[in-house]
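protein-v9.txt (compact mmCIF, C-alpha atoms) appears below.
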# COMPACT_ATOMS: atom_id res chain seq x y z
CA MET K 26 11.05 -36.17 22.16
CA THR K 27 12.51 -38.92 20.05
CA PRO K 28 15.01 -38.04 17.31
CA ASP K 29 12.67 -39.59 14.75
CA LEU K 30 9.85 -37.23 15.66
CA LEU K 31 12.26 -34.31 15.75
CA SER K 32 13.40 -34.99 12.20
CA HIS K 33 9.79 -34.84 11.03
CA LEU K 34 8.97 -31.79 13.12
CA PHE K 35 9.07 -29.40 10.17
CA SER K 36 6.92 -31.70 8.03
CA ILE K 37 4.35 -32.06 10.79
CA ALA K 38 4.36 -28.33 11.52
CA SER K 39 3.99 -27.33 7.87
CA ALA K 40 1.22 -29.89 7.30
CA ALA K 41 -0.54 -28.56 10.39
CA LEU K 42 -0.20 -24.97 9.14
CA VAL K 43 -1.60 -25.90 5.72
CA ALA K 44 -4.47 -27.84 7.31
CA ILE K 45 -5.37 -25.05 9.76
CA GLY K 46 -5.13 -22.47 6.99
CA LEU K 47 -7.37 -24.49 4.69
CA PHE K 48 -9.89 -24.99 7.49
CA MET K 49 -9.96 -21.26 8.12
CA LEU K 50 -10.22 -20.47 4.42
CA VAL K 51 -13.16 -22.81 3.91
CA ARG K 52 -15.04 -22.53 7.16
CA SER K 53 -14.69 -19.01 8.51
CA HIS K 54 -17.64 -16.64 8.27
CA TYR K 55 -15.55 -13.49 8.15
CA LEU K 56 -13.61 -12.51 5.06
CA LEU K 57 -10.51 -11.24 6.86
CA ARG K 58 -10.25 -14.52 8.77
CA ALA K 59 -10.38 -16.41 5.48
CA LEU K 60 -7.52 -14.24 4.19
CA LEU K 61 -5.61 -15.01 7.40
CA GLY K 62 -6.13 -18.70 6.60
CA LEU K 63 -4.66 -18.14 3.14
CA THR K 64 -1.60 -16.55 4.74
CA LEU K 65 -1.23 -19.49 7.14
CA MET K 66 -1.37 -21.96 4.25
CA GLU K 67 1.32 -19.97 2.49
CA ALA K 68 3.48 -20.04 5.61
CA GLY K 69 3.07 -23.81 5.79
CA VAL K 70 4.14 -24.29 2.18
CA ASN K 71 7.12 -21.96 2.65
CA LEU K 72 8.20 -23.79 5.81
CA PHE K 73 8.00 -27.12 4.01
CA LEU K 74 10.04 -25.95 1.02
CA VAL K 75 12.75 -24.44 3.21
CA SER K 76 12.92 -27.58 5.34
CA VAL K 77 13.38 -29.72 2.21
CA GLY K 78 16.70 -28.00 1.61
CA TYR K 79 17.93 -28.73 5.14
CA ARG K 80 20.78 -31.14 5.74
CA GLU K 81 22.06 -32.61 8.95
CA GLY K 82 24.59 -30.25 10.54
CA ALA K 83 24.71 -27.97 7.51
CA ALA K 84 25.70 -24.30 7.54
CA PRO K 85 24.02 -21.45 5.61
CA PRO K 86 25.33 -21.21 2.02
CA ILE K 87 27.41 -18.10 2.67
CA ALA K 88 31.16 -17.75 2.26
CA ILE K 89 32.95 -16.25 5.26
CA ASP K 90 36.33 -14.65 4.50
CA GLY K 91 36.26 -16.23 1.05
CA GLN K 92 35.85 -19.73 2.48
CA LEU K 93 32.69 -21.77 1.93
CA PRO K 94 31.55 -24.10 4.75
CA ALA K 95 32.11 -27.79 4.09
CA VAL K 96 28.44 -28.80 4.36
CA MET K 97 25.82 -26.31 3.19
CA VAL K 98 22.06 -26.36 2.92
CA ASP K 99 20.39 -26.29 -0.50
CA PRO K 100 20.21 -22.61 -1.62
CA ILE K 101 17.50 -23.15 -4.25
CA PRO K 102 14.47 -23.52 -1.93
CA GLN K 103 15.65 -20.47 0.01
CA ALA K 104 15.84 -18.41 -3.18
CA LEU K 105 12.37 -19.62 -4.17
CA ILE K 106 10.87 -18.78 -0.78
CA LEU K 107 12.50 -15.35 -0.85
CA THR K 108 10.45 -14.35 -3.84
CA ALA K 109 7.38 -16.38 -2.82
CA ILE K 110 7.07 -14.35 0.38
CA VAL K 111 7.13 -11.06 -1.52
CA ILE K 112 4.56 -12.31 -4.01
CA GLY K 113 2.44 -13.49 -1.08
CA VAL K 114 2.53 -9.95 0.30
CA GLY K 115 1.47 -8.57 -3.09
CA VAL K 116 -1.41 -11.04 -3.38
CA LEU K 117 -2.51 -10.34 0.20
CA GLY K 118 -2.39 -6.60 -0.51
CA LEU K 119 -4.60 -7.02 -3.58
CA ALA K 120 -7.02 -9.23 -1.63
CA LEU K 121 -7.20 -6.68 1.19
CA ALA K 122 -7.83 -3.89 -1.32
CA LEU K 123 -10.74 -5.88 -2.77
CA ALA K 124 -12.05 -6.59 0.74
CA LEU K 125 -11.86 -2.89 1.56
CA ARG K 126 -13.89 -2.02 -1.53
CA LEU K 127 -16.40 -4.73 -0.66
CA HIS K 128 -16.76 -3.27 2.82
CA GLN K 129 -17.28 0.19 1.37
CA SER K 130 -20.01 -0.94 -0.99
CA GLU K 131 -21.77 -3.53 1.20
CA GLY K 132 -20.98 -2.27 4.69
CA THR K 133 -19.92 -5.68 5.97
CA LEU K 134 -17.40 -8.48 5.51
CA TRP K 135 -19.62 -11.04 7.25
CA LEU K 136 -19.84 -13.78 4.63
CA PRO K 137 -23.33 -15.25 5.37
CA ARG K 138 -24.84 -11.79 5.04
CA LEU K 139 -22.94 -11.13 1.79
CA ARG K 140 -24.10 -14.49 0.48
CA ARG K 141 -27.74 -13.75 1.38
CA ARG K 142 -27.51 -10.41 -0.36
CA ALA K 143 -26.01 -11.96 -3.49
CA GLN K 144 -28.79 -14.59 -3.50
CA SER K 145 -31.56 -12.04 -3.10
CA ALA K 146 -30.00 -9.94 -5.89
CA CYS K 147 -30.02 -13.05 -8.08
CA SER K 148 -33.66 -13.87 -7.36
CA LYS K 149 -34.65 -10.24 -8.02
CA GLU K 150 -32.94 -10.46 -11.40
CA ASP K 151 -34.78 -13.70 -12.13
CA ALA K 152 -38.11 -12.14 -11.24
CA ALA K 153 -37.48 -9.10 -13.42
CA MET V 10 -26.90 -29.09 9.45
CA THR V 11 -24.14 -26.64 10.31
CA MET V 12 -22.87 -29.07 12.93
CA ARG V 13 -22.63 -31.87 10.41
CA ARG V 14 -20.88 -29.67 7.86
CA ASN V 15 -18.39 -28.52 10.48
CA LEU V 16 -17.70 -32.12 11.45
CA ALA V 17 -17.27 -33.14 7.82
CA SER V 18 -14.83 -30.35 7.08
CA LEU V 19 -12.92 -31.12 10.30
CA ILE V 20 -12.56 -34.76 9.26
CA PHE V 21 -11.50 -33.66 5.77
CA THR V 22 -8.89 -31.29 7.17
CA VAL V 23 -7.44 -33.88 9.54
CA GLY V 24 -7.30 -36.40 6.71
CA LEU V 25 -5.57 -33.90 4.45
CA GLY V 26 -3.08 -33.11 7.20
CA LEU V 27 -2.29 -36.80 7.71
CA MET V 28 -1.85 -37.22 3.95
CA LEU V 29 0.54 -34.28 3.80
CA VAL V 30 2.55 -35.65 6.74
CA SER V 31 2.84 -39.05 5.06
CA LEU V 32 3.87 -37.40 1.79
CA MET V 33 6.48 -35.27 3.49
CA GLN V 34 8.07 -38.13 5.39
CA GLY V 35 11.49 -39.12 4.18
CA SER V 36 12.05 -35.86 2.37
CA HIS V 37 14.93 -35.03 4.71
CA THR V 38 16.92 -38.21 4.28
CA ALA V 39 18.44 -37.27 0.93
CA PHE V 40 18.57 -34.33 -1.41
CA PRO V 41 15.66 -34.64 -3.80
CA VAL V 42 17.61 -32.82 -6.50
CA GLU V 43 21.29 -32.53 -7.26
CA VAL V 44 21.13 -29.00 -8.62
CA GLY V 45 21.59 -27.45 -5.19
CA GLN V 46 24.74 -29.48 -4.63
CA ASN V 47 26.18 -28.35 -7.96
CA ILE V 48 25.35 -24.73 -7.24
CA ASN V 49 26.97 -24.99 -3.81
CA ALA V 50 30.08 -26.35 -5.50
CA ALA V 51 30.28 -23.92 -8.43
CA GLY V 52 28.28 -20.81 -7.51
CA PHE V 53 30.99 -18.97 -5.64
CA ALA V 54 33.50 -19.41 -8.47
CA ASP V 55 30.87 -18.55 -11.11
CA HIS V 56 29.53 -15.28 -9.74
CA GLY V 57 31.85 -14.27 -6.91
CA ALA V 58 28.94 -13.57 -4.55
CA ALA V 59 29.58 -14.75 -1.00
CA ASN V 60 25.85 -15.36 -0.48
CA LEU V 61 24.92 -18.31 -2.69
CA VAL V 62 21.20 -17.57 -2.35
CA THR V 63 21.83 -14.24 -4.09
CA SER V 64 23.81 -16.11 -6.71
CA VAL V 65 20.73 -18.28 -7.36
CA VAL V 66 18.21 -15.43 -7.26
CA LEU V 67 20.07 -13.05 -9.59
CA GLY V 68 22.78 -15.07 -11.31
CA TYR V 69 21.20 -18.39 -12.24
CA ARG V 70 17.56 -17.38 -12.46
CA GLY V 71 17.55 -13.62 -12.95
CA LEU V 72 14.79 -13.91 -15.55
CA ASP V 73 12.53 -15.55 -12.94
CA THR V 74 13.26 -12.68 -10.58
CA LEU V 75 12.21 -10.25 -13.30
CA GLY V 76 9.00 -12.26 -13.67
CA GLU V 77 8.39 -12.09 -9.91
CA LEU V 78 8.95 -8.34 -9.93
CA THR V 79 6.36 -8.18 -12.70
CA ILE V 80 3.87 -10.14 -10.56
CA LEU V 81 4.41 -7.76 -7.66
CA PHE V 82 4.03 -4.78 -10.01
CA VAL V 83 0.78 -6.14 -11.42
CA ALA V 84 -0.59 -6.86 -7.94
CA ALA V 85 0.30 -3.37 -6.70
CA THR V 86 -1.17 -1.76 -9.83
CA ALA V 87 -4.36 -3.80 -9.54
CA ALA V 88 -4.71 -2.85 -5.87
CA GLY V 89 -4.22 0.79 -6.83
CA MET V 90 -6.90 0.50 -9.50
CA VAL V 91 -9.33 -1.16 -7.07
CA LEU V 92 -8.76 1.40 -4.34
CA GLY V 93 -8.66 4.37 -6.66
CA HIS V 94 -6.88 7.61 -6.02
CA CYS V 95 -8.37 9.71 -3.27
CA PRO V 96 -7.79 13.40 -3.98
CA GLY V 97 -7.46 14.35 -0.32
CA GLY V 98 -4.24 12.38 -0.06
CA SER V 99 -3.67 9.55 2.36
CA THR V 100 -4.35 11.44 5.55
CA PRO V 101 -4.34 9.13 8.54
CA PRO V 102 -7.85 8.56 9.90
CA VAL V 103 -6.73 8.21 13.52
CA ARG V 104 -4.16 10.32 15.37
CA GLY V 105 -1.95 8.05 17.37
CA GLY V 106 -1.00 10.47 20.09
CA PHE V 107 2.22 12.33 20.82
CA ILE V 108 4.40 9.45 22.07
CA LEU V 109 3.49 7.08 19.25
CA ALA V 110 3.89 9.75 16.57
CA THR V 111 7.28 10.94 17.87
CA ALA V 112 8.57 7.38 18.24
CA ALA V 113 7.48 6.58 14.69
CA GLU V 114 9.32 9.59 13.31
CA LEU V 115 12.36 8.73 15.42
CA LEU V 116 12.31 5.19 14.04
CA PHE V 117 12.10 6.33 10.42
CA PRO V 118 15.79 7.10 9.67
CA PHE V 119 16.98 3.95 11.44
CA LEU V 120 14.60 1.76 9.45
CA ILE V 121 15.75 3.41 6.21
CA LEU V 122 19.38 2.83 7.23
CA LEU V 123 18.71 -0.81 8.10
CA GLY V 124 16.87 -1.37 4.83
CA ALA V 125 19.66 0.23 2.80
CA TYR V 126 22.27 -1.87 4.64
CA ILE V 127 20.34 -5.08 3.97
CA ILE V 128 19.98 -4.22 0.28
CA ILE V 129 23.61 -3.17 -0.26
CA HIS V 130 25.04 -6.21 1.54
CA GLY V 131 22.70 -8.64 -0.21
CA HIS V 132 25.52 -10.39 -2.03
CA LEU V 133 27.60 -10.84 1.15
CA SER V 134 25.23 -11.68 3.97
CA PRO V 135 21.67 -12.90 4.50
CA GLY V 136 19.37 -10.30 3.02
CA GLY V 137 19.03 -8.51 -0.27
CA GLY V 138 16.68 -6.44 -2.32
CA PHE V 139 13.43 -8.14 -1.37
CA GLN V 140 14.05 -8.10 2.38
CA GLY V 141 15.57 -4.63 2.47
CA GLY V 142 12.79 -3.30 0.28
CA ALA V 143 10.22 -4.65 2.74
CA VAL V 144 12.06 -2.91 5.62
CA ILE V 145 12.09 0.40 3.71
CA ALA V 146 8.37 0.05 2.99
CA ALA V 147 7.81 -0.56 6.71
CA ALA V 148 9.77 2.62 7.47
CA TYR V 149 7.22 4.59 5.48
CA TYR V 150 4.26 2.70 6.91
CA VAL V 151 5.05 3.04 10.62
CA PRO V 152 4.52 6.86 10.65
CA LEU V 153 1.30 6.36 8.71
CA LEU V 154 0.07 3.83 11.27
CA ALA V 155 1.02 6.08 14.16
CA GLY V 156 -0.83 8.94 12.51
CA SER V 157 2.12 11.33 12.53
CA GLY V 158 1.45 12.77 9.12
CA ARG V 159 2.38 11.90 5.61
CA LEU V 160 5.97 11.20 4.60
CA PHE V 161 5.46 9.13 1.49
CA SER V 162 4.89 10.93 -1.80
CA GLU V 163 3.27 8.69 -4.38
CA ASP V 164 4.74 10.62 -7.30
CA THR V 165 8.31 10.17 -6.05
CA GLY V 166 7.52 6.55 -5.25
CA SER V 167 6.32 5.76 -8.76
CA LEU V 168 9.29 7.63 -10.25
CA ILE V 169 11.78 5.58 -8.17
CA GLU V 170 9.89 2.40 -9.01
CA SER V 171 9.98 3.07 -12.76
CA LEU V 172 13.67 4.02 -12.70
CA ALA V 173 14.53 0.86 -10.73
CA GLY V 174 12.59 -1.32 -13.16
CA VAL V 175 14.28 0.32 -16.13
CA GLY V 176 17.67 -0.08 -14.42
CA PHE V 177 17.12 -3.81 -13.84
CA ILE V 178 16.20 -4.40 -17.48
CA ALA V 179 19.02 -2.10 -18.69
CA ILE V 180 21.61 -4.18 -16.83
CA GLY V 181 20.08 -7.28 -18.41
CA LEU V 182 20.22 -5.73 -21.87
CA LEU V 183 23.82 -4.64 -21.26
CA ALA V 184 24.72 -8.29 -20.70
CA LEU V 185 22.86 -9.23 -23.86
CA TRP V 186 24.67 -6.50 -25.81
CA GLY V 187 28.02 -7.65 -24.42
CA GLY V 188 27.52 -11.00 -26.11
CA GLY V 189 26.10 -12.99 -23.19
CA GLU V 190 22.58 -14.01 -22.29
CA PHE V 191 19.91 -11.61 -21.04
CA LEU V 192 20.60 -10.78 -17.34
CA ALA V 193 23.85 -12.76 -17.31
CA PRO V 194 26.15 -11.48 -14.50
CA LEU V 195 28.93 -9.17 -15.71
CA TYR V 196 32.37 -8.44 -14.23
CA SER V 197 31.97 -11.26 -11.71
CA HIS V 198 35.65 -11.55 -10.90
CA ASN V 199 36.54 -7.91 -10.31
CA GLY V 200 37.12 -7.17 -6.66
CA ALA V 201 38.06 -9.44 -3.80
CA PRO V 202 35.47 -12.08 -2.90
CA GLY V 203 33.60 -10.97 0.19
CA ALA V 204 34.37 -7.27 -0.34
CA LEU V 205 31.53 -4.77 -0.71
CA LEU V 206 32.55 -4.02 -4.29
CA SER V 207 32.53 -7.53 -5.67
CA ALA V 208 30.30 -9.92 -7.60
CA GLY V 209 30.04 -7.55 -10.58
CA THR V 210 26.51 -6.49 -11.49
CA LEU V 211 24.70 -8.59 -8.86
CA PRO V 212 24.69 -5.84 -6.17
CA LEU V 213 23.43 -3.34 -8.75
CA LEU V 214 20.62 -5.70 -9.72
CA TYR V 215 19.75 -6.17 -6.05
CA LEU V 216 19.78 -2.39 -5.55
CA ALA V 217 17.23 -2.06 -8.37
CA VAL V 218 15.14 -4.86 -6.86
CA GLY V 219 15.28 -3.23 -3.43
CA LEU V 220 14.20 0.20 -4.67
CA LYS V 221 11.41 -1.29 -6.76
CA VAL V 222 10.06 -3.57 -4.02
CA GLY V 223 10.38 -0.82 -1.42
CA SER V 224 8.54 1.85 -3.39
CA GLU V 225 5.89 -0.60 -4.61
CA LEU V 226 5.09 -1.96 -1.14
CA ALA V 227 5.21 1.53 0.37
CA SER V 228 2.69 2.90 -2.13
CA LEU V 229 0.49 -0.19 -1.70
CA LEU V 230 0.51 0.20 2.09
CA ALA V 231 -0.01 3.96 1.84
CA ARG V 232 -3.08 3.40 -0.35
CA LEU V 233 -4.44 0.71 1.98
CA GLY V 234 -3.76 2.76 5.09
CA GLY V 235 -5.10 5.99 3.64
CA ILE V 236 -8.67 4.76 3.54
CA GLY V 237 -10.39 4.54 6.88
CA MET V 238 -12.44 1.47 7.66
CA GLU V 239 -15.21 1.43 10.21
CA VAL V 240 -15.24 -1.33 12.77
CA ASP V 241 -17.62 -4.11 11.89
CA ASP V 242 -20.02 -4.65 14.76
CA ASP V 243 -21.28 -8.12 13.84
CA ALA V 244 -17.93 -9.93 13.81

Turn the structure described in the file into structure tokens.
Amino acid sequence: MTPDLLSHLFSIASAALVAIGLFMLVRSHYLLRALLGLTLMEAGVNLFLVSVGYREGAAPPIAIDGQLPAVMVDPIPQALILTAIVIGVGVLGLALALALRLHQSEGTLWLPRLRRRAQSACSKEDAA
Amino acid sequence: MTMRRNLASLIFTVGLGLMLVSLMQGSHTAFPVEVGQNINAAGFADHGAANLVTSVVLGYRGLDTLGELTILFVAATAAGMVLGHCPGGSTPPVRGGFILATAAELLFPFLILLGAYIIIHGHLSPGGGFQGGAVIAAAYYVPLLAGSGRLFSEDTGSLIESLAGVGFIAIGLLALWGGGEFLAPLYSHNGAPGALLSAGTLPLLYLAVGLKVGSELASLLARLGGIGMEVDDDA
């Protein structure tokens, strides 16, 4: 692997994660798989933001025995990601709760079936 | 029809991926912003926290952290409203068997210890309230998954959560009352740098964050896990 490709490895990986996640979100027929796609997209964005703060040969921004390392990575993206992950968990929990309720009321999370049901409910309302 | 739509979305996704790669190229050659450099230079002297990430999370943008706690609180509350409160309590739908249940109960104190360690040392080492809180929530969720009974009490959880939230805001108001800004770090220079009792109010703020995140996630997971879900046969 060339050094040039290696330096872009994180960019390529995070772009791939976002692309795969988006594909899953848009194209999957099962609601939980779509939520998994959302999580993958989030992971891609987080990976990208953390990798932006990386510097060649840098140490983590932590003082050891009261001495800071000479070259440190950017702490700001790390602090942002720290909270973004927790918020992602909260959002995923809310989405799963809604999916659970949907499953309880409709008996399925299979999206084509849900869509058909919603359409037939609409046409019934139109007829009435 | 479906074939063509699949192909179209595949082409769109690949194109989007290529665009993202081209956008992201060159982002590693230089720092896009100088703020990180300045914080690396001044953060340790400003707040006395050995972990500069903690210094950013609680010292420089503590108000943002309060906002993020609010988002988590709203998400957990909304999930609780959607799921409702089942009067039977969150009894596990499946019993996991003797080995799994015993192992889960054996794991519980160690996970609590690990979570508490990560929270308390958040200003010294990688970790802090958010990470330690997640570990503590996992400690309560593992027995629930293994079906070894119910350890988490939602009343205690919401009490701890409210107290932690009030504590976080009280420390912020204390700083405001002392003549500084809301949530400004206090007593930053008491204690030796790198010691457990250092960095002033930052460890206390992280303790509040850890308790709040832990109890919130634990109650969210307990609510989610308490409701059985039949296996979908057409997936």

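Minimum distance to Ile45 in chain K across K:Ile101, K:Ala122, K:Met66, K:Ala146 (counting all atoms listed in the file) occurs at K:Met66.
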
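With CA of Leu27 in chain V on one side and CA of Arg13 in chain V on the other, the separation reads 21.1 Å.
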
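Using all atoms listed in the file, the chain V residues found within 6 Å of chain K amount to Thr22, Gly26, Leu29, Val30, Met33, Gly45, Ala59, Asn60, Leu61, Val62, Val66, Leu81, Ala84, Ala88, Pro202 and Gly203 of chain V.
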
Create the file for the chosen residues now, containing C-alpha atoms and written as a compact mmCIF listing (two decimals), keeping the file's coordinate frame.
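again.txt was written with the following content:
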# COMPACT_ATOMS: atom_id res chain seq x y z
CA THR V 22 -8.89 -31.29 7.17
CA GLY V 26 -3.08 -33.11 7.20
CA LEU V 29 0.54 -34.28 3.80
CA VAL V 30 2.55 -35.65 6.74
CA MET V 33 6.48 -35.27 3.49
CA GLY V 45 21.59 -27.45 -5.19
CA ALA V 59 29.58 -14.75 -1.00
CA ASN V 60 25.85 -15.36 -0.48
CA LEU V 61 24.92 -18.31 -2.69
CA VAL V 62 21.20 -17.57 -2.35
CA VAL V 66 18.21 -15.43 -7.26
CA LEU V 81 4.41 -7.76 -7.66
CA ALA V 84 -0.59 -6.86 -7.94
CA ALA V 88 -4.71 -2.85 -5.87
CA PRO V 202 35.47 -12.08 -2.90
CA GLY V 203 33.60 -10.97 0.19

Please provide as a ChimeraX atom specification all residues within 7 Å of Ala59 in chain K, with the sequence filter that same-chain residues fewer than 5 positions apart are discarded (counting only C-alpha atoms). /K:49-50,53

Just give me the gap between CA of Val75 in chain K and CA of Ile106 in chain K in Å, one decimal is fine. 7.2 Å

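Atom to atom, CA of Leu220 in chain V and CA of Tyr150 in chain V stand 15.5 Å apart.
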
Which is closest to Asn199 in chain V among V:Ala17, V:Leu72, V:Leu211, V:Ala147, if we use all atoms listed in the file? V:Leu211

Could you rebuild range 163-178 of chain V with N, CA and C atoms and give it back as a CSV table (one decimal), keeping the file's coordinate frame?
chain,number,residue,atom,x,y,z
V,163,GLU,N,3.5,9.8,-3.4
V,163,GLU,CA,3.3,8.7,-4.4
V,163,GLU,C,3.9,9.0,-5.7
V,164,ASP,N,4.1,10.3,-6.0
V,164,ASP,CA,4.7,10.6,-7.3
V,164,ASP,C,6.2,10.2,-7.3
V,165,THR,N,6.9,10.6,-6.2
V,165,THR,CA,8.3,10.2,-6.0
V,165,THR,C,8.4,8.7,-6.0
V,166,GLY,N,7.5,8.0,-5.3
V,166,GLY,CA,7.5,6.6,-5.2
V,166,GLY,C,7.4,5.9,-6.6
V,167,SER,N,6.5,6.4,-7.4
V,167,SER,CA,6.3,5.8,-8.8
V,167,SER,C,7.5,6.1,-9.7
V,168,LEU,N,8.1,7.3,-9.5
V,168,LEU,CA,9.3,7.6,-10.2
V,168,LEU,C,10.4,6.7,-9.9
V,169,ILE,N,10.7,6.5,-8.6
V,169,ILE,CA,11.8,5.6,-8.2
V,169,ILE,C,11.5,4.2,-8.7
V,170,GLU,N,10.3,3.7,-8.6
V,170,GLU,CA,9.9,2.4,-9.0
V,170,GLU,C,10.2,2.2,-10.5
V,171,SER,N,9.8,3.2,-11.3
V,171,SER,CA,10.0,3.1,-12.8
V,171,SER,C,11.5,3.1,-13.1
V,172,LEU,N,12.2,4.0,-12.4
V,172,LEU,CA,13.7,4.0,-12.7
V,172,LEU,C,14.3,2.7,-12.3
V,173,ALA,N,13.9,2.1,-11.2
V,173,ALA,CA,14.5,0.9,-10.7
V,173,ALA,C,14.2,-0.3,-11.7
V,174,GLY,N,12.9,-0.3,-12.2
V,174,GLY,CA,12.6,-1.3,-13.2
V,174,GLY,C,13.4,-1.2,-14.4
V,175,VAL,N,13.5,0.1,-14.9
V,175,VAL,CA,14.3,0.3,-16.1
V,175,VAL,C,15.7,-0.1,-15.9
V,176,GLY,N,16.3,0.3,-14.7
V,176,GLY,CA,17.7,-0.1,-14.4
V,176,GLY,C,17.9,-1.6,-14.5
V,177,PHE,N,17.0,-2.4,-13.8
V,177,PHE,CA,17.1,-3.8,-13.8
V,177,PHE,C,17.2,-4.3,-15.3
V,178,ILE,N,16.2,-3.9,-16.1
V,178,ILE,CA,16.2,-4.4,-17.5
V,178,ILE,C,17.4,-3.9,-18.3
